[in-house]
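As stored in data_35.csv (CSV, C-alpha atoms and all ligand atoms):
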```
chain,number,residue,atom,x,y,z
O,1,MET,CA,-183.8,181.7,0.3
O,2,LEU,CA,-181.1,179.2,-0.7
O,3,ILE,CA,-177.6,179.8,0.4
O,4,LEU,CA,-174.5,177.8,-0.5
O,5,GLY,CA,-172.0,177.7,2.5
O,6,ILE,CA,-168.4,176.9,2.1
O,7,GLU,CA,-166.1,176.0,5.0
O,8,THR,CA,-162.3,175.4,4.8
O,9,SER,CA,-161.0,177.0,7.9
O,10,CYS,CA,-159.0,174.0,9.1
O,11,ASP,CA,-158.9,170.3,8.1
O,12,ASP,CA,-162.5,169.7,7.1
O,13,THR,CA,-163.8,170.7,3.6
O,14,GLY,CA,-167.5,171.5,3.8
O,15,ALA,CA,-170.1,172.7,1.3
O,16,ALA,CA,-173.8,172.9,2.2
O,17,VAL,CA,-177.1,174.2,0.8
O,18,VAL,CA,-179.4,175.6,3.5
O,19,ARG,CA,-182.8,177.1,3.1
O,20,ASP,CA,-183.9,180.1,5.1
O,21,GLY,CA,-181.1,179.7,7.6
O,22,ARG,CA,-182.1,176.4,9.2
O,23,GLU,CA,-183.4,173.8,6.8
O,24,VAL,CA,-180.2,171.9,5.8
O,25,LEU,CA,-180.7,170.4,2.3
O,26,SER,CA,-177.2,169.0,2.0
O,27,ASN,CA,-174.1,169.1,4.1
O,28,PRO,CA,-171.3,166.9,2.8
O,29,VAL,CA,-168.0,167.1,4.6
O,30,SER,CA,-164.7,165.8,3.3
O,31,SER,CA,-162.5,164.9,6.3
O,32,GLN,CA,-158.7,165.0,6.1
O,33,ILE,CA,-158.1,162.9,9.2
O,34,GLU,CA,-156.5,160.1,7.2
O,35,ILE,CA,-154.2,162.6,5.4
O,36,HIS,CA,-152.9,164.1,8.6
O,37,ARG,CA,-152.9,161.0,10.8
O,38,PRO,CA,-149.2,160.1,10.0
O,39,PHE,CA,-148.1,163.5,11.2
O,40,GLY,CA,-150.2,163.4,14.5
O,41,GLY,CA,-151.7,166.8,13.7
O,42,VAL,CA,-152.9,169.1,11.0
O,43,VAL,CA,-150.2,170.1,8.5
O,44,PRO,CA,-151.3,173.5,7.2
O,45,GLU,CA,-149.9,173.3,3.7
O,46,ILE,CA,-151.2,169.8,3.1
O,47,ALA,CA,-154.6,170.9,4.4
O,48,SER,CA,-154.7,173.9,2.0
O,49,ARG,CA,-153.8,171.7,-0.9
O,50,ALA,CA,-156.4,169.1,0.0
O,51,HIS,CA,-159.1,171.8,0.1
O,52,VAL,CA,-158.1,173.1,-3.3
O,53,GLU,CA,-158.4,169.5,-4.6
O,54,ASN,CA,-161.7,168.6,-2.9
O,55,LEU,CA,-163.7,171.7,-2.7
O,56,ALA,CA,-165.1,172.1,-6.2
O,57,PRO,CA,-166.2,168.5,-6.5
O,58,LEU,CA,-167.8,168.8,-3.0
O,59,VAL,CA,-169.8,171.9,-4.1
O,60,ARG,CA,-171.1,169.9,-7.0
O,61,MET,CA,-172.0,167.0,-4.8
O,62,SER,CA,-173.7,169.4,-2.3
O,63,LEU,CA,-175.9,170.9,-5.1
O,64,GLN,CA,-176.8,167.5,-6.4
O,65,GLU,CA,-177.8,166.2,-3.0
O,66,ALA,CA,-179.9,169.3,-2.4
O,67,GLY,CA,-181.5,168.9,-5.9
O,68,VAL,CA,-180.7,172.5,-6.9
O,69,SER,CA,-178.5,174.1,-9.5
O,70,LEU,CA,-176.0,177.0,-9.1
O,71,THR,CA,-178.5,179.4,-10.7
O,72,ASP,CA,-181.1,178.6,-8.0
O,73,LEU,CA,-178.9,180.0,-5.3
O,74,ASP,CA,-179.6,183.4,-3.7
O,75,ALA,CA,-176.2,183.9,-2.2
O,76,VAL,CA,-172.8,182.3,-1.7
O,77,ALA,CA,-171.3,182.3,1.8
O,78,VAL,CA,-167.8,181.4,3.0
O,79,THR,CA,-165.9,181.2,6.2
O,80,TYR,CA,-163.2,183.9,6.0
O,81,GLY,CA,-161.7,183.6,9.5
O,82,PRO,CA,-160.4,182.7,12.0
O,83,GLY,CA,-158.5,179.7,10.8
O,84,LEU,CA,-155.4,178.7,8.9
O,85,ALA,CA,-154.6,181.3,6.2
O,86,GLY,CA,-153.9,178.9,3.3
O,87,CYS,CA,-157.0,176.9,4.1
O,88,LEU,CA,-159.3,179.9,4.3
O,89,LEU,CA,-157.9,181.2,1.0
O,90,ALA,CA,-159.0,178.1,-0.8
O,91,GLY,CA,-162.6,178.6,0.3
O,92,VAL,CA,-162.7,182.4,-0.1
O,93,SER,CA,-161.2,182.2,-3.7
O,94,LEU,CA,-163.8,179.7,-4.9
O,95,ALA,CA,-166.7,181.6,-3.2
O,96,LYS,CA,-165.6,184.8,-4.9
O,97,SER,CA,-165.3,183.1,-8.3
O,98,LEU,CA,-168.8,181.7,-7.9
O,99,ALA,CA,-170.4,184.9,-6.7
O,100,TYR,CA,-168.7,186.9,-9.5
O,101,SER,CA,-169.6,184.5,-12.3
O,102,LEU,CA,-173.2,183.9,-11.1
O,103,HIS,CA,-173.9,187.6,-10.2
O,104,LYS,CA,-174.9,186.5,-6.7
O,105,PRO,CA,-174.2,188.3,-3.4
O,106,LEU,CA,-171.2,187.2,-1.4
O,107,ILE,CA,-171.1,186.8,2.4
O,108,GLY,CA,-168.0,186.4,4.5
O,109,VAL,CA,-168.8,184.5,7.7
O,110,ASN,CA,-167.0,184.4,11.1
O,111,HIS,CA,-166.2,180.8,12.0
O,112,LEU,CA,-166.8,181.3,15.7
O,113,GLU,CA,-170.2,182.8,15.2
O,114,ALA,CA,-171.0,180.0,12.8
O,115,HIS,CA,-170.1,177.3,15.4
O,116,VAL,CA,-172.4,179.1,17.9
O,117,TYR,CA,-175.2,179.2,15.2
O,118,THR,CA,-175.2,175.3,14.9
O,119,SER,CA,-177.6,175.3,17.9
O,120,ALA,CA,-180.3,176.8,15.5
O,121,LEU,CA,-179.8,174.4,12.6
O,122,ASP,CA,-182.6,171.9,11.9
O,123,ARG,CA,-184.8,173.7,14.4
O,124,SER,CA,-187.8,176.1,14.1
O,125,PRO,CA,-187.1,179.6,15.5
O,126,GLU,CA,-189.3,178.7,18.5
O,127,ASP,CA,-187.1,175.7,19.3
O,128,ALA,CA,-183.8,177.5,18.9
O,129,PRO,CA,-182.1,179.0,22.0
O,130,PRO,CA,-183.7,182.3,22.9
O,131,PHE,CA,-181.7,185.6,23.2
O,132,PRO,CA,-179.8,186.2,25.3
O,133,HIS,CA,-178.3,182.8,26.0
O,134,LEU,CA,-175.0,181.4,27.1
O,135,SER,CA,-172.8,179.4,24.7
O,136,LEU,CA,-169.8,177.3,25.5
O,137,LEU,CA,-167.7,177.0,22.3
O,138,VAL,CA,-165.2,174.2,22.7
O,139,SER,CA,-163.0,173.2,19.7
O,140,GLY,CA,-159.5,172.4,18.7
O,141,GLY,CA,-158.6,176.1,18.5
O,142,HIS,CA,-161.1,177.8,20.9
O,143,THR,CA,-162.6,177.5,24.4
O,144,SER,CA,-164.8,180.4,25.2
O,145,LEU,CA,-168.0,181.4,27.0
O,146,TYR,CA,-170.2,183.9,25.2
O,147,ARG,CA,-173.4,185.7,25.9
O,148,ILE,CA,-175.3,185.6,22.7
O,149,ASP,CA,-177.4,188.7,22.3
O,150,SER,CA,-178.2,187.9,18.6
O,151,TRP,CA,-176.6,185.6,16.1
O,152,MET,CA,-174.2,188.3,15.2
O,153,ARG,CA,-173.7,189.9,18.6
O,154,LEU,CA,-171.5,187.8,20.9
O,155,ALA,CA,-170.0,189.1,24.1
O,156,ARG,CA,-167.1,187.0,25.4
O,157,LEU,CA,-167.5,186.3,29.1
O,158,GLY,CA,-164.5,184.1,29.6
O,159,GLY,CA,-162.2,181.6,28.0
O,160,THR,CA,-158.9,179.8,28.0
O,161,ARG,CA,-155.7,181.6,28.8
O,162,ASP,CA,-153.6,179.0,27.0
O,163,ASP,CA,-154.5,175.7,25.3
O,164,ALA,CA,-158.0,175.1,23.9
O,165,ALA,CA,-159.8,172.1,25.4
O,166,GLY,CA,-159.6,170.2,22.1
O,167,GLU,CA,-155.9,170.9,21.9
O,168,ALA,CA,-155.5,169.4,25.4
O,169,PHE,CA,-157.4,166.3,24.4
O,170,ASP,CA,-155.2,166.0,21.3
O,171,LYS,CA,-151.9,166.5,23.2
O,172,VAL,CA,-152.8,164.1,26.0
O,173,ALA,CA,-153.8,161.5,23.5
O,174,LYS,CA,-150.5,161.9,21.8
O,175,ALA,CA,-148.6,161.5,25.1
O,176,LEU,CA,-150.7,158.3,25.8
O,177,ASN,CA,-150.0,157.0,22.2
O,178,LEU,CA,-153.7,156.8,21.6
O,179,GLY,CA,-153.5,158.3,18.0
O,180,TYR,CA,-155.1,161.1,16.1
O,181,PRO,CA,-157.5,162.9,16.5
O,182,GLY,CA,-157.1,162.8,20.3
O,183,GLY,CA,-160.6,163.7,21.5
O,184,PRO,CA,-162.5,160.7,20.1
O,185,ALA,CA,-159.6,158.4,21.1
O,186,ILE,CA,-159.6,159.6,24.7
O,187,GLN,CA,-163.4,159.3,24.9
O,188,LYS,CA,-163.2,155.7,23.5
O,189,ARG,CA,-160.7,154.7,26.2
O,190,ALA,CA,-162.5,156.5,29.0
O,191,ASP,CA,-165.9,155.0,28.1
O,192,GLY,CA,-167.2,152.8,30.9
O,193,PHE,CA,-164.3,153.4,33.3
O,194,ASP,CA,-165.7,153.9,36.7
O,195,GLY,CA,-162.8,152.8,38.9
O,196,ASP,CA,-160.0,154.4,40.8
O,197,TRP,CA,-159.8,158.0,39.5
O,198,ILE,CA,-156.6,159.9,39.5
O,199,GLU,CA,-157.4,163.3,40.9
O,200,PHE,CA,-155.7,165.6,38.3
O,201,PRO,CA,-155.7,169.3,39.2
O,202,ARG,CA,-158.5,171.5,37.9
O,203,PRO,CA,-156.6,174.7,37.2
O,204,MET,CA,-158.4,177.9,38.1
O,205,LEU,CA,-161.6,176.0,39.0
O,206,SER,CA,-162.5,178.3,41.8
O,207,GLN,CA,-161.6,181.5,40.0
O,208,GLY,CA,-163.9,183.4,37.6
O,209,LEU,CA,-164.6,182.3,34.1
O,210,GLU,CA,-161.1,181.8,32.8
O,211,PHE,CA,-159.8,178.3,31.9
O,212,SER,CA,-156.2,176.9,31.8
O,213,PHE,CA,-155.9,173.5,30.0
O,214,SER,CA,-152.2,173.7,29.7
O,215,GLY,CA,-151.9,173.1,33.4
O,216,LEU,CA,-154.0,170.0,33.3
O,217,LYS,CA,-152.1,168.7,30.3
O,218,THR,CA,-148.8,169.2,32.1
O,219,ALA,CA,-150.1,167.4,35.2
O,220,VAL,CA,-151.0,164.4,33.0
O,221,ILE,CA,-147.6,164.4,31.3
O,222,ASN,CA,-145.8,164.7,34.7
O,223,TYR,CA,-147.9,161.8,36.0
O,224,LEU,CA,-146.8,159.7,33.0
O,225,ARG,CA,-143.2,160.4,33.7
O,226,GLU,CA,-143.4,159.6,37.4
O,227,ASN,CA,-145.4,156.4,37.3
O,228,PRO,CA,-145.1,152.9,35.8
O,229,ILE,CA,-147.5,152.8,32.8
O,230,ASP,CA,-149.3,149.7,31.5
O,231,ASP,CA,-152.5,149.4,29.4
O,232,GLU,CA,-154.8,149.6,32.4
O,233,GLN,CA,-153.0,152.8,33.6
O,234,ILE,CA,-153.5,154.4,30.2
O,235,THR,CA,-157.3,153.8,30.4
O,236,ARG,CA,-157.3,155.2,34.0
O,237,ILE,CA,-155.3,158.3,32.9
O,238,ALA,CA,-157.4,159.0,29.8
O,239,ALA,CA,-160.7,158.6,31.9
O,240,SER,CA,-159.3,160.8,34.7
O,241,PHE,CA,-158.1,163.5,32.4
O,242,GLN,CA,-161.5,163.6,30.6
O,243,ARG,CA,-163.3,163.8,33.9
O,244,ALA,CA,-161.1,166.7,35.0
O,245,ALA,CA,-161.6,168.6,31.7
O,246,VAL,CA,-165.4,168.0,31.7
O,247,ASP,CA,-165.6,169.1,35.4
O,248,VAL,CA,-163.8,172.4,34.6
O,249,LEU,CA,-165.9,173.1,31.5
O,250,ALA,CA,-169.2,172.3,33.2
O,251,THR,CA,-168.4,174.2,36.4
O,252,LYS,CA,-167.4,177.4,34.6
O,253,THR,CA,-170.4,177.2,32.3
O,254,LEU,CA,-172.8,176.9,35.1
O,255,ARG,CA,-171.0,179.7,37.0
O,256,ALA,CA,-171.4,182.0,34.0
O,257,ALA,CA,-175.1,181.1,33.7
O,258,GLU,CA,-175.6,182.1,37.3
O,259,GLN,CA,-173.4,185.2,37.3
O,260,PHE,CA,-175.1,186.6,34.1
O,261,ASN,CA,-178.6,185.2,34.9
O,262,LEU,CA,-178.8,183.2,31.6
O,263,ARG,CA,-181.2,180.3,31.7
O,264,SER,CA,-180.4,178.8,28.3
O,265,ILE,CA,-177.1,177.2,27.4
O,266,SER,CA,-175.8,175.9,24.1
O,267,LEU,CA,-172.8,173.6,23.7
O,268,VAL,CA,-171.0,173.9,20.4
O,269,GLY,CA,-167.7,173.1,18.6
O,270,GLY,CA,-165.7,169.9,18.0
O,271,VAL,CA,-165.4,168.9,21.7
O,272,SER,CA,-169.2,169.1,22.1
O,273,ALA,CA,-169.2,165.7,20.5
O,274,ASN,CA,-167.8,164.3,23.8
O,275,GLU,CA,-170.4,162.2,25.4
O,276,ALA,CA,-169.2,162.8,29.0
O,277,LEU,CA,-169.3,166.5,28.5
O,278,ARG,CA,-172.8,166.3,26.9
O,279,ARG,CA,-174.1,164.2,29.9
O,280,GLU,CA,-172.4,166.3,32.6
O,281,LEU,CA,-173.5,169.7,31.3
O,282,THR,CA,-177.0,168.5,30.7
O,283,GLU,CA,-177.3,167.1,34.2
O,284,ARG,CA,-175.8,170.1,36.0
O,285,ALA,CA,-177.9,172.5,33.9
O,286,ARG,CA,-181.0,170.6,34.8
O,287,GLN,CA,-180.2,170.9,38.5
O,288,ALA,CA,-179.7,174.6,38.0
O,289,GLY,CA,-183.0,174.9,36.1
O,290,CYS,CA,-181.4,175.8,32.8
O,291,ASP,CA,-182.3,174.6,29.3
O,292,VAL,CA,-179.5,173.0,27.3
O,293,PHE,CA,-179.2,173.1,23.5
O,294,ILE,CA,-176.7,170.6,22.0
O,295,PRO,CA,-176.7,170.3,18.2
O,296,ASP,CA,-176.5,166.9,16.5
O,297,LYS,CA,-173.0,165.6,16.4
O,298,LYS,CA,-172.8,166.1,12.6
O,299,TYR,CA,-172.8,169.9,13.4
O,300,SER,CA,-170.1,169.7,16.1
O,301,MET,CA,-167.3,169.4,13.7
O,302,ASP,CA,-166.6,172.0,11.0
O,303,ASN,CA,-169.2,171.9,8.2
O,304,GLY,CA,-170.7,174.1,5.5
O,305,ALA,CA,-174.2,174.2,7.0
O,306,MET,CA,-173.1,176.5,9.8
O,307,ALA,CA,-171.8,179.0,7.4
O,308,ALA,CA,-174.8,178.9,5.1
O,309,GLY,CA,-177.3,179.0,8.0
O,310,LEU,CA,-175.7,182.0,9.7
O,311,ALA,CA,-175.3,183.8,6.3
O,312,TYR,CA,-179.1,184.1,6.1
O,313,HIS,CA,-179.0,186.4,9.1
O,314,TYR,CA,-176.1,188.4,7.6
O,315,VAL,CA,-178.3,188.9,4.5
O,316,HIS,CA,-181.1,190.3,6.6
O,317,ALA,CA,-178.6,192.6,8.4
O,318,ASN,CA,-177.2,193.7,5.0
O,319,ARG,CA,-173.8,192.4,5.8
O,320,PHE,CA,-172.5,191.5,2.4
O,321,ALA,CA,-168.8,191.2,1.3
O,322,ASP,CA,-167.4,192.4,-2.0
O,323,LEU,CA,-164.8,190.9,-4.2
O,324,THR,CA,-161.9,192.2,-2.1
O,325,LEU,CA,-162.9,189.7,0.6
O,326,ASN,CA,-159.7,188.1,2.0
O,327,ALA,CA,-158.8,185.4,4.5
O,328,ALA,CA,-158.7,186.8,8.1
O,329,PRO,CA,-156.8,184.1,10.1
O,330,GLY,CA,-156.8,186.1,13.3
O,331,LEU,CA,-160.4,187.3,13.1
O,332,ARG,CA,-162.1,187.6,16.6
P,401,LIG,O1,-164.5,172.3,15.8
P,401,LIG,P1,-163.5,171.4,15.3
P,401,LIG,O2,-163.9,170.3,14.3
P,401,LIG,O3,-162.3,172.2,14.6
P,401,LIG,C1,-161.9,173.4,15.1
P,401,LIG,O4,-162.4,174.5,14.7
P,401,LIG,O5,-160.9,173.3,16.0
P,401,LIG,O6,-162.8,170.7,16.6
P,401,LIG,C2,-161.8,169.7,16.5
P,401,LIG,C3,-161.4,169.3,18.0
P,401,LIG,C4,-160.2,168.4,18.0
P,401,LIG,O7,-159.3,168.9,19.0
P,401,LIG,C5,-160.8,167.0,18.5
P,401,LIG,O8,-159.9,166.2,19.2
P,401,LIG,C6,-162.0,167.5,19.3
P,401,LIG,O9,-162.5,168.6,18.6
P,401,LIG,N1,-163.0,166.4,19.4
P,401,LIG,C7,-163.3,165.8,20.6
P,401,LIG,C8,-164.2,164.8,20.3
P,401,LIG,N2,-164.5,164.8,19.0
P,401,LIG,C9,-163.7,165.8,18.5
P,401,LIG,N3,-162.9,166.1,21.9
P,401,LIG,C10,-163.3,165.3,22.9
P,401,LIG,N4,-164.2,164.3,22.7
P,401,LIG,C11,-164.7,164.0,21.4
P,401,LIG,N5,-165.6,163.0,21.2
P,402,ZN,ZN,-164.2,175.0,14.0
```
This structure in structure tokens:
Amino acid sequence: MLILGIETSCDDTGAAVVRDGREVLSNPVSSQIEIHRPFGGVVPEIASRAHVENLAPLVRMSLQEAGVSLTDLDAVAVTYGPGLAGCLLAGVSLAKSLAYSLHKPLIGVNHLEAHVYTSALDRSPEDAPPFPHLSLLVSGGHTSLYRIDSWMRLARLGGTRDDAAGEAFDKVAKALNLGYPGGPAIQKRADGFDGDWIEFPRPMLSQGLEFSFSGLKTAVINYLRENPIDDEQITRIAASFQRAAVDVLATKTLRAAEQFNLRSISLVGGVSANEALRRELTERARQAGCDVFIPDKKYSMDNGAMAAGLAYHYVHANRFADLTLNAAPGLR
């Protein structure tokens, strides 16, 4: 079964063709990083307009790369939430037009479920994480721990009370003048630092499965105000912040695995591209006797393959949308 997946929930335009839920035939992504860089963050209206401009040519490119035509498709899938309203509408509108004109089924996909599903892409079902498993979803908008009972049944076990982890990386990078997007900039600075760490607080480390990244971010900003800052200090702060964030994420994830007796853990979402997080979680999980599933970095950021892949399971569960499908920015 060939499914076209469209993703426009934030600032990446994605269109992919995926066979049978896991074989990714094409997955071009058009990044808007350069467009938003002068503003230091995503500007929603500019992002929506860029999707409107880029999406149709990207769909054409995706079909070409996959070597298929529109009529070969069995269904059209699109992310309909959560995300930025105007951005989601760009994708939903094109997906509806395609489904209507081609007489193909339409599927509306939940973006959070799609991120979680990336741990199954490019893998045979035997190599994908077994059910139930634990998933840490860390992105610019979300930081949550889920028990995954099936690809469409996610139970939230914990998560952030304030900022998402990616948001904290972005805000700290901005305070340090490291540029946009912040996550990769902090990682680049932190890389190789092994010196005199600043012990930033790890808010709520000893309590439950809730996170608070706003507290950590504020501690960094206060440190910046109270200390003389030179280039060396910036590296030290970036590395120490990353270390604290990774420590909190890994500690809570392993706590959830133990508490709910889950022996397989997946790490997904934009922040899962972070090398220090990948290393630390893998090492701590190994010590605890858990298996770790971390998708290739091309699936960490938003992309169309995660929507097309998950949609295959929606088809088997008969979860189709109709032409009244609308953007659902606050979808849980
Ligand atoms: O999943 P994603 O592409 O979009 C959302 O759905 O939010 O995640 C984007 C977030 C940004 O906050 C970005 O700074 C962060 O992922 N990110 C990273 C790294 N690469 C991207 N954070 C830390 N380290 C990285 N290497
Ligand atoms: Zn995302």
Could you give me, as a count of residues only, the residues within 12 Å of Met204 (chain O), counting all atoms listed in the file and dropping anything in the same chain fewer than 4 positions from it?
-> 19
Shortest interatomic distance to Ala327 (chain O) - which of O:Gly270, O:Gly83, O:Pro125, O:Pro295, counting only C-alpha atoms |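 Of O:Gly270, O:Gly83, O:Pro125, O:Pro295, the one nearest Ala327 (chain O), counting only C-alpha atoms, is O:Gly83.
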Write as an mmCIF file with C-alpha atoms, in the frame of the given file the residues around ligand ZN 402 (chain P), taking 9 Å as the cut-off and counting only C-alpha atoms and all ligand atoms.
```cif
data_model
loop_
_atom_site.group_PDB
_atom_site.id
_atom_site.type_symbol
_atom_site.label_atom_id
_atom_site.label_comp_id
_atom_site.auth_asym_id
_atom_site.auth_seq_id
_atom_site.Cartn_x
_atom_site.Cartn_y
_atom_site.Cartn_z
ATOM 1 C CA SER O 9 -161.000 177.000 7.900
ATOM 2 C CA CYS O 10 -159.000 174.000 9.100
ATOM 3 C CA ASP O 12 -162.500 169.700 7.100
ATOM 4 C CA PRO O 82 -160.400 182.700 12.000
ATOM 5 C CA GLY O 83 -158.500 179.700 10.800
ATOM 6 C CA HIS O 111 -166.200 180.800 12.000
ATOM 7 C CA LEU O 112 -166.800 181.300 15.700
ATOM 8 C CA ALA O 114 -171.000 180.000 12.800
ATOM 9 C CA HIS O 115 -170.100 177.300 15.400
ATOM 10 C CA VAL O 138 -165.200 174.200 22.700
ATOM 11 C CA SER O 139 -163.000 173.200 19.700
ATOM 12 C CA GLY O 140 -159.500 172.400 18.700
ATOM 13 C CA GLY O 141 -158.600 176.100 18.500
ATOM 14 C CA HIS O 142 -161.100 177.800 20.900
ATOM 15 C CA GLY O 269 -167.700 173.100 18.600
ATOM 16 C CA GLY O 270 -165.700 169.900 18.000
ATOM 17 C CA SER O 300 -170.100 169.700 16.100
ATOM 18 C CA MET O 301 -167.300 169.400 13.700
ATOM 19 C CA ASP O 302 -166.600 172.000 11.000
ATOM 20 C CA ASN O 303 -169.200 171.900 8.200
#
```
Report the distance between CA of Ala285 (chain O) and CA of Ser264 (chain O) in Å, rounded to one decimal place.
-> 8.8 Å
When distances are computed from all atoms listed in the file, which of O:Ala164, O:Ile198, O:Gly21, O:Thr282 shows the smallest separation from Asn227 (chain O)?
->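 Closest to Asn227 (chain O) of all the choices is O:Ile198.
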Go through O:Phe293, O:Met1, O:Pro203, O:Glu167 and flag the residue nearest Pro181 (chain O), using all atoms listed in the file for the distances.
->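 Of all the options, O:Glu167 lies closest to Pro181 (chain O).
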